[in-house]
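Novice: Just one file: model04.txt, with compact mmCIF, C-alpha atoms and all ligand atoms.
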# COMPACT_ATOMS: atom_id res chain seq x y z
CA MET A 85 -29.71 11.14 -17.59
CA ASP A 86 -28.87 14.73 -16.71
CA PRO A 87 -26.10 15.46 -14.19
CA TYR A 88 -28.52 16.37 -11.43
CA ASN A 89 -30.25 13.01 -11.53
CA ARG A 90 -26.94 11.22 -11.84
CA LEU A 91 -25.75 13.02 -8.74
CA LEU A 92 -28.94 12.13 -6.90
CA ALA A 93 -28.56 8.48 -7.92
CA ARG A 94 -24.94 8.46 -6.78
CA LYS A 95 -25.94 10.09 -3.51
CA GLN A 96 -28.52 7.39 -2.82
CA GLU A 97 -26.06 4.69 -3.76
CA LEU A 98 -23.38 6.09 -1.46
CA GLU A 99 -25.80 6.60 1.41
CA GLN A 100 -26.90 3.00 1.14
CA MET A 101 -23.35 1.67 0.99
CA THR A 102 -22.06 3.80 3.87
CA GLY A 103 -25.12 2.76 5.90
CA THR A 104 -24.36 -0.91 5.34
CA LEU A 105 -20.70 -0.44 6.21
CA GLN A 106 -21.45 1.57 9.33
CA GLU A 107 -23.83 -1.12 10.52
CA ARG A 108 -21.21 -3.78 9.94
CA LEU A 109 -18.54 -1.76 11.75
CA MET A 110 -20.82 -1.20 14.71
CA THR A 111 -21.47 -4.91 15.17
CA PRO A 112 -19.16 -6.43 17.79
CA LEU A 113 -16.55 -8.76 16.29
CA ALA A 114 -17.92 -11.77 18.18
CA GLU A 115 -21.28 -11.42 16.46
CA THR A 116 -19.91 -11.33 12.96
CA THR A 117 -18.15 -14.63 13.55
CA ASP A 118 -21.15 -16.37 15.05
CA GLU A 119 -20.69 -19.83 13.50
CA LEU A 120 -17.88 -20.51 15.93
CA SER A 121 -17.08 -18.99 19.25
CA LEU A 122 -14.20 -16.59 19.16
CA TYR A 123 -12.14 -18.86 21.38
CA ASP A 124 -12.38 -21.88 19.12
CA GLN A 125 -11.08 -19.98 16.18
CA HIS A 126 -7.57 -20.01 14.95
CA PRO A 127 -5.93 -16.69 15.83
CA ALA A 128 -5.31 -16.04 12.15
CA ASP A 129 -9.06 -16.07 11.47
CA ILE A 130 -9.64 -13.38 14.06
CA GLY A 131 -6.71 -11.50 12.61
CA SER A 132 -8.24 -11.53 9.16
CA GLU A 133 -11.57 -10.44 10.64
CA VAL A 134 -9.83 -7.46 12.20
CA PHE A 135 -8.11 -6.82 8.92
CA GLU A 136 -11.47 -6.82 7.11
CA ARG A 137 -12.67 -4.29 9.65
CA GLU A 138 -9.78 -1.99 8.96
CA LYS A 139 -10.40 -2.33 5.26
CA ASP A 140 -14.10 -1.52 5.70
CA ARG A 141 -13.21 1.50 7.77
CA GLY A 142 -10.89 2.78 5.06
CA ILE A 143 -13.50 2.26 2.37
CA LEU A 144 -16.13 3.94 4.52
CA GLU A 145 -13.93 7.01 4.91
CA LEU A 146 -13.45 7.27 1.17
CA MET A 147 -17.18 6.87 0.55
CA GLN A 148 -17.99 9.56 3.08
CA LEU A 149 -15.55 11.86 1.34
CA GLU A 150 -17.22 11.19 -1.98
CA LEU A 151 -20.64 11.67 -0.46
CA GLU A 152 -19.53 15.09 0.74
CA LYS A 153 -18.43 15.96 -2.77
CA VAL A 154 -21.75 14.78 -4.18
CA HIS A 155 -23.62 16.93 -1.67
CA ASP A 156 -21.40 19.81 -2.70
CA ALA A 157 -22.08 19.27 -6.38
CA LEU A 158 -25.84 19.05 -5.79
CA HIS A 159 -25.68 22.28 -3.85
CA LYS A 160 -23.79 23.94 -6.68
CA TYR A 161 -26.27 22.64 -9.20
CA GLU A 162 -29.10 24.22 -7.27
CA GLN A 163 -27.25 27.52 -7.32
CA GLY A 164 -26.48 27.26 -11.00
CA ARG A 165 -22.76 26.94 -10.37
CA TYR A 166 -22.44 23.30 -11.32
CA GLY A 167 -19.77 22.49 -13.89
CA VAL A 168 -17.67 25.55 -13.06
CA CYS A 169 -14.10 24.95 -11.92
CA GLU A 170 -13.72 26.14 -8.35
CA VAL A 171 -10.09 27.12 -8.89
CA CYS A 172 -9.98 28.98 -12.20
CA GLY A 173 -13.72 29.62 -12.70
CA GLN A 174 -13.76 28.15 -16.21
CA ALA A 175 -16.35 25.68 -17.43
CA ILE A 176 -15.34 22.08 -16.73
CA GLU A 177 -14.99 19.92 -19.83
CA PRO A 178 -18.33 18.13 -20.52
CA ALA A 179 -16.54 14.83 -21.16
CA ARG A 180 -14.86 15.13 -17.78
CA LEU A 181 -18.16 15.84 -16.03
CA ASP A 182 -19.59 12.86 -17.81
CA ARG A 183 -16.98 10.60 -16.25
CA MET A 184 -16.97 12.24 -12.81
CA VAL A 185 -20.32 13.87 -12.07
CA ASN A 186 -19.11 15.35 -8.82
CA THR A 187 -15.83 16.88 -9.95
CA THR A 188 -15.30 20.52 -9.03
CA LEU A 189 -12.11 21.04 -10.99
CA CYS A 190 -11.35 21.37 -14.69
CA ALA A 191 -8.83 18.93 -16.16
CA GLY A 192 -5.95 21.42 -15.95
CA CYS A 193 -6.51 22.37 -12.32
CA ALA A 194 -7.10 18.74 -11.32
CA ARG A 195 -3.76 17.78 -12.83
CA GLN A 196 -1.99 20.54 -10.96
CA ARG A 197 -3.58 19.54 -7.69
CA GLN A 198 -2.73 15.89 -8.26
CA ASP A 199 0.90 16.79 -8.87
CA SER A 200 1.14 18.67 -5.60
CA PHE A 201 -0.38 15.73 -3.72
CA ARG A 202 1.83 13.10 -5.25
CA ARG A 203 4.60 11.84 -3.01
CA PRO A 204 7.92 10.65 -4.37
CA ALA A 205 7.01 7.35 -5.99
CA GLU A 206 10.50 5.87 -5.65
CA GLU A 207 10.41 6.22 -1.90
CA GLU A 208 7.13 4.29 -1.56
CA VAL A 209 8.40 1.46 -3.71
CA LEU A 210 11.52 1.21 -1.58
CA ILE A 211 9.54 1.05 1.66
CA ALA A 212 7.15 -1.56 0.27
CA GLY A 213 10.07 -3.63 -0.96
CA ASP A 214 11.73 -3.47 2.42
CA MET A 215 8.56 -4.52 4.22
CA SER A 216 7.93 -7.51 1.98
CA ASP A 217 10.96 -9.17 3.57
CA ARG A 218 9.06 -9.51 6.83
CA GLY A 219 5.50 -9.79 5.65
CA GLU A 220 3.23 -8.35 3.05
CA THR A 221 1.97 -4.89 2.37
CA PHE A 222 -1.54 -4.35 1.17
CA GLN A 223 -2.87 -1.37 -0.66
CA VAL A 224 -6.54 -1.12 0.23
CA ALA A 225 -8.58 1.81 -0.98
CA GLY A 226 -5.54 4.02 -0.87
CA TYR A 227 -4.52 2.94 2.59
CA GLU A 228 -1.51 0.83 3.19
CA TYR A 229 -1.69 -2.08 5.53
CA PHE A 230 1.14 -4.13 6.80
CA GLU A 231 0.48 -7.66 7.90
CA SER A 232 3.36 -9.23 9.74
CA GLY A 233 4.30 -12.84 9.20
CA ASP A 234 2.58 -15.36 11.46
CA GLY A 235 5.79 -16.06 13.35
CA SER A 236 8.27 -18.66 12.26
CA SER A 237 6.95 -22.21 12.07
CA SER A 238 9.47 -24.59 13.53
CA GLY A 239 9.31 -28.15 12.33
ZN ZN B 301 -9.71 25.06 -13.50
Just dump the structure as structure tokens.
Specialist:
Amino acid sequence: MDPYNRLLARKQELEQMTGTLQERLMTPLAETTDELSLYDQHPADIGSEVFEREKDRGILELMQLELEKVHDALHKYEQGRYGVCEVCGQAIEPARLDRMVNTTLCAGCARQRQDSFRRPAEEEVLIAGDMSDRGETFQVAGYEYFESGDGSSSG
């Protein structure tokens, strides 16, 4: 399949997925848990429902970002600028385009950009380690969530 059709396919896929997620996020919480009334449920169940919501929202944001990139790439393709690095203007490696149809950077420029985005890894590990004493940290779609312990159970 040529890149243009791959981009179109990806665009359709993303549009479908973001549509589904948006619908789910727009549904009131009470309706998504319709087997039981909200009041009958254990608080933890509602908590996990809220957590799922947050996760969905994070994923939706990432998908929308990708969709934007796909739109961009399609636009470039139509103008005959597809496959050209937007930073250095060189042709992007075909193997790289094959893996990421919507990339706008050559391998070299992408690496440089990644380096400037990267935060000190040691610091993140330390914070996560500290948090795990009180609860658990979750890494969902690049977003970090912290779920506190359910209080101490006295017996
Ligand atoms: Zn480049």
Novice: I'd like a table as CSV: residues in chain A with an atom no more than 9 Å from ligand ZN 301 (chain B), each row giving the shortest atom pair and its distance in Å to one decimal, only C-alpha atoms and all ligand atoms counted, sorted by chain and rising residue number.
Specialist:
residue,atom,partner,partner_atom,distance
A:Val168,CA,B:ZN301,ZN,8.0
A:Cys169,CA,B:ZN301,ZN,4.7
A:Glu170,CA,B:ZN301,ZN,6.6
A:Val171,CA,B:ZN301,ZN,5.1
A:Cys172,CA,B:ZN301,ZN,4.1
A:Gly173,CA,B:ZN301,ZN,6.1
A:Gln174,CA,B:ZN301,ZN,5.8
A:Ala175,CA,B:ZN301,ZN,7.7
A:Ile176,CA,B:ZN301,ZN,7.1
A:Thr188,CA,B:ZN301,ZN,8.5
A:Leu189,CA,B:ZN301,ZN,5.3
A:Cys190,CA,B:ZN301,ZN,4.2
A:Ala191,CA,B:ZN301,ZN,6.7
A:Gly192,CA,B:ZN301,ZN,5.8
A:Cys193,CA,B:ZN301,ZN,4.3
A:Ala194,CA,B:ZN301,ZN,7.2
Novice: Could you check how far atom CA of Leu181 of chain A sits from atom CA of Leu98 of chain A, in Å to one decimal?
Specialist: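 Here the two named atoms are 18.3 Å from each other.
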Novice: If I take atom CA of Arg108 of chain A and atom CA of Ala157 of chain A, how far is one from the other in Å, to one decimal?
Specialist: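 We find that atom CA of Arg108 of chain A and atom CA of Ala157 of chain A lie 28.3 Å from each other.
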Novice: May I ask which of the residues A:Gln106, A:Gly167, A:Gln196, A:Leu151 is the closest one to Ala93 of chain A, counting all atoms listed in the file?
Specialist: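 Ranked by minimum distance to Ala93 of chain A, first place goes to A:Leu151.
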Novice: I want to know what sits within 10 Å of Glu150 of chain A, based on all atoms listed in the file, with residues of the same chain fewer than 2 positions away left out; could you give that as number ranges by chain?
Specialist: A: 94-95, 98, 144-148, 152-156, 186-187
Novice: Give me, please, the distance in Å between atom CA of Glu136 of chain A and atom CA of Thr102 of chain A, quoted to one decimal.
Specialist: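 About the pair atom CA of Glu136 of chain A and atom CA of Thr102 of chain A: they are 15.3 Å apart.
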Novice: Of the candidates A:Leu158, A:Leu91, A:Val134, A:Leu149, which one gets nearest to Met184 of chain A if we count all atoms listed in the file?
Specialist: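 Counting all atoms listed in the file, the residue closest to Met184 of chain A is A:Leu91.
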